[in-house]
file upload15.pdb (PDB, C-alpha atoms, pLDDT in the B column)
MODEL        1
ATOM      1  CA  MET A   1     121.787-178.993  32.151  1.00 76.00           C
ATOM      2  CA  ASP A   2     123.088-181.557  29.795  1.00 89.00           C
ATOM      3  CA  PRO A   3     122.522-181.197  26.024  1.00 86.00           C
ATOM      4  CA  ASP A   4     120.012-184.056  25.998  1.00 91.00           C
ATOM      5  CA  SER A   5     117.816-182.305  28.579  1.00 93.00           C
ATOM      6  CA  ASN A   6     118.004-179.038  26.628  1.00 94.00           C
ATOM      7  CA  GLN A   7     116.954-180.873  23.483  1.00 96.00           C
ATOM      8  CA  LYS A   8     114.031-182.501  25.278  1.00 96.00           C
ATOM      9  CA  ILE A   9     112.915-179.153  26.701  1.00 97.00           C
ATOM     10  CA  ALA A  10     113.161-177.528  23.268  1.00 97.00           C
ATOM     11  CA  HIS A  11     111.121-180.367  21.790  1.00 97.00           C
ATOM     12  CA  LEU A  12     108.466-180.003  24.528  1.00 98.00           C
ATOM     13  CA  GLU A  13     108.300-176.239  23.992  1.00 98.00           C
ATOM     14  CA  THR A  14     107.863-176.772  20.253  1.00 98.00           C
ATOM     15  CA  SER A  15     105.140-179.341  20.870  1.00 98.00           C
ATOM     16  CA  ILE A  16     103.325-177.032  23.274  1.00 98.00           C
ATOM     17  CA  ALA A  17     103.491-174.149  20.794  1.00 98.00           C
ATOM     18  CA  HIS A  18     102.087-176.420  18.091  1.00 98.00           C
ATOM     19  CA  LEU A  19      99.269-177.597  20.367  1.00 98.00           C
ATOM     20  CA  GLU A  20      98.410-174.019  21.348  1.00 98.00           C
ATOM     21  CA  HIS A  21      98.192-173.107  17.664  1.00 98.00           C
ATOM     22  CA  GLN A  22      95.920-176.099  16.963  1.00 98.00           C
ATOM     23  CA  TYR A  23      93.764-175.173  19.967  1.00 98.00           C
ATOM     24  CA  ASP A  24      93.337-171.622  18.672  1.00 98.00           C
ATOM     25  CA  GLU A  25      92.406-172.873  15.198  1.00 98.00           C
ATOM     26  CA  LEU A  26      89.920-175.405  16.564  1.00 98.00           C
ATOM     27  CA  ASN A  27      88.411-172.796  18.851  1.00 98.00           C
ATOM     28  CA  GLY A  28      87.877-170.539  15.837  1.00 98.00           C
ATOM     29  CA  VAL A  29      86.151-173.381  14.000  1.00 98.00           C
ATOM     30  CA  VAL A  30      83.884-174.090  16.968  1.00 98.00           C
ATOM     31  CA  VAL A  31      82.930-170.418  17.288  1.00 98.00           C
ATOM     32  CA  GLU A  32      82.152-170.211  13.565  1.00 98.00           C
ATOM     33  CA  GLN A  33      80.087-173.398  13.715  1.00 98.00           C
ATOM     34  CA  ALA A  34      78.124-172.008  16.668  1.00 98.00           C
ATOM     35  CA  ARG A  35      77.334-168.877  14.633  1.00 98.00           C
ATOM     36  CA  GLU A  36      76.279-170.982  11.653  1.00 98.00           C
ATOM     37  CA  LEU A  37      74.126-173.201  13.864  1.00 98.00           C
ATOM     38  CA  THR A  38      72.383-170.153  15.319  1.00 98.00           C
ATOM     39  CA  ARG A  39      71.783-168.781  11.803  1.00 98.00           C
ATOM     40  CA  LEU A  40      70.401-172.114  10.620  1.00 98.00           C
ATOM     41  CA  ARG A  41      68.104-172.397  13.641  1.00 98.00           C
ATOM     42  CA  LEU A  42      66.659-168.956  12.912  1.00 98.00           C
ATOM     43  CA  GLN A  43      66.205-169.858   9.264  1.00 98.00           C
ATOM     44  CA  LEU A  44      64.470-173.100  10.243  1.00 98.00           C
ATOM     45  CA  GLN A  45      62.120-171.222  12.591  1.00 98.00           C
ATOM     46  CA  LYS A  46      61.208-168.765   9.827  1.00 97.00           C
ATOM     47  CA  THR A  47      60.683-171.577   7.333  1.00 97.00           C
ATOM     48  CA  SER A  48      58.551-173.514   9.808  1.00 97.00           C
ATOM     49  CA  ALA A  49      56.417-170.453  10.528  1.00 96.00           C
ATOM     50  CA  THR A  50      55.970-169.841   6.806  1.00 96.00           C
ATOM     51  CA  MET A  51      55.015-173.468   6.167  1.00 96.00           C
ATOM     52  CA  GLU A  52      52.564-173.387   9.078  1.00 95.00           C
ATOM     53  CA  SER A  53      50.967-170.226   7.700  1.00 94.00           C
ATOM     54  CA  ILE A  54      50.674-171.741   4.224  1.00 93.00           C
ATOM     55  CA  GLU A  55      49.126-174.896   5.668  1.00 91.00           C
ATOM     56  CA  MET A  56      46.607-172.889   7.714  1.00 91.00           C
ATOM     57  CA  ASP A  57      45.642-170.882   4.621  1.00 88.00           C
ATOM     58  CA  ARG A  58      45.197-174.113   2.672  1.00 88.00           C
ATOM     59  CA  ILE A  59      43.009-175.606   5.393  1.00 85.00           C
ATOM     60  CA  LYS A  60      40.886-172.453   5.577  1.00 84.00           C
ATOM     61  CA  SER A  61      40.404-172.370   1.829  1.00 85.00           C
ATOM     62  CA  ASN A  62      39.319-176.039   1.765  1.00 83.00           C
ATOM     63  CA  ASN A  63      36.929-175.619   4.697  1.00 79.00           C
ATOM     64  CA  PRO A  64      35.047-172.365   4.197  1.00 71.00           C
ATOM     65  CA  LYS A  65      32.687-171.220   6.903  1.00 72.00           C
ATOM     66  CA  PRO A  66      29.050-171.928   6.115  1.00 69.00           C
ATOM     67  CA  PRO A  67      27.070-168.852   5.144  1.00 72.00           C
ATOM     68  CA  HIS A  68      25.010-167.331   7.910  1.00 71.00           C
ATOM     69  CA  SER A  69      21.348-167.473   7.204  1.00 56.00           C
ATOM     70  CA  VAL A  70      19.229-164.460   8.033  1.00 56.00           C
ATOM     71  CA  ILE A  71      15.966-165.342   9.663  1.00 57.00           C
TER
ENDMDL
END
call {"tool": "encode", "arguments": {"input": "upload15.pdb", "output": "structure tokens"}}
result
Amino acid sequence: MDPDSNQKIAHLETSIAHLEHQYDELNGVVVEQARELTRLRLQLQKTSATMESIEMDRIKSNNPKPPHSVI
């Protein structure tokens, strides 16, 4: 091979190595974001359940059952 071809091949190999490194870093970011998203979804579900429970307690306290009359 001529020196120009060798230089082009070396440049392509360097570019590929760089792209593989970027791919690995981006993949790590995506995996971490997926974990964080899962954690946030669980936290949102817990918060929603808590808020729903608080709201139901508030409704019950504002609308007490009428007393049962004994005949």
call {"tool": "atom_distance", "arguments": {"input": "upload15.pdb", "atom1": "atom CA of Met51 of chain A", "atom2": "atom CA of Lys65 of chain A"}}
result
22.5 Å
call {"tool": "atom_distance", "arguments": {"input": "upload15.pdb", "atom1": "atom CA of Leu44 of chain A", "atom2": "atom CA of Arg58 of chain A"}}
result
20.7 Å
call {"tool": "atom_distance", "arguments": {"input": "upload15.pdb", "atom1": "atom CA of Lys46 of chain A", "atom2": "atom CA of Val31 of chain A"}}
result
23.0 Å
call {"tool": "axis_aligned_box", "arguments": {"input": "upload15.pdb", "around": "segment 55-63 of chain A", "padding_each_side": "3 Å", "output": "JSON"}}
result
{"center_x": 43.0, "center_y": -173.5, "center_z": 4.7, "size_x": 18.2, "size_y": 11.2, "size_z": 11.9}
